[in-house]
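Peer 1: Mind looking over this structure? Questions follow.
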Amino acid sequence: RLAVEAAAKQAYYTKRALAGENRDDSEKAWAAAMKTGQRLALAVHGDPKADITAWLDAKPERRYTFRVCNAVHGSGMHITKPDAKELERTVHTLLALR
């Protein structure tokens, strides 16, 4: 989860800086987005309330990675090497957002 959120944060801050937005406003928006889905929505759409369903469903690894990120809340998923590769692909996708 930390890798996905770090990549989303970097993408969000980069997009906001390139758009000429104030850093303090970006930091406040990021801090207010407490859930992984909200943070992904910020990175992808610039709005923590935006629907990320289409983005998640565009690539199979995104939806699965999102489930893995939320597994820290008690589902007890076992993470395999292929799971880690899917996580890596999702992180690279987030970092490429502009």
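Within each chain, counting starts at residue 1; across the structure tokens, chains are named A, B, ... in the order shown, with ligands numbered 1 upward in that order.
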Just the residues within 12 Å of Tyr12 (chain A), please, counting only C-alpha atoms, with nothing from its chain fewer than 6 positions along; format it as a PyMOL selection string.

Peer 2: chain A and resi 5-6+18-19+21+23+25-27+29-30+33+38-48+94-98

Peer 1: Can you work out which one of A:Val91, A:Val4, A:Ala58, A:Thr53 has the shortest atom-to-atom distance to Lys35 (chain A), counting only C-alpha atoms?

Peer 2: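 The shortest atom-to-atom distance to Lys35 (chain A) comes from A:Val4.
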
Peer 1: Can you pull out every residue from region 2-81 of chain A that DSSP, working from the backbone, puts in alpha helix (DSSP H), and format the result as a ChimeraX atom specification?

Peer 2: /A:2-18,23-32,36-45,53-57,60-70,81

Peer 1: Quick one: residues within 8 Å of Ile79 (chain A), only C-alpha atoms counted, chain neighbours fewer than 4 positions away excluded, as a PyMOL selection string?

Peer 2: chain A and resi 68+83-84
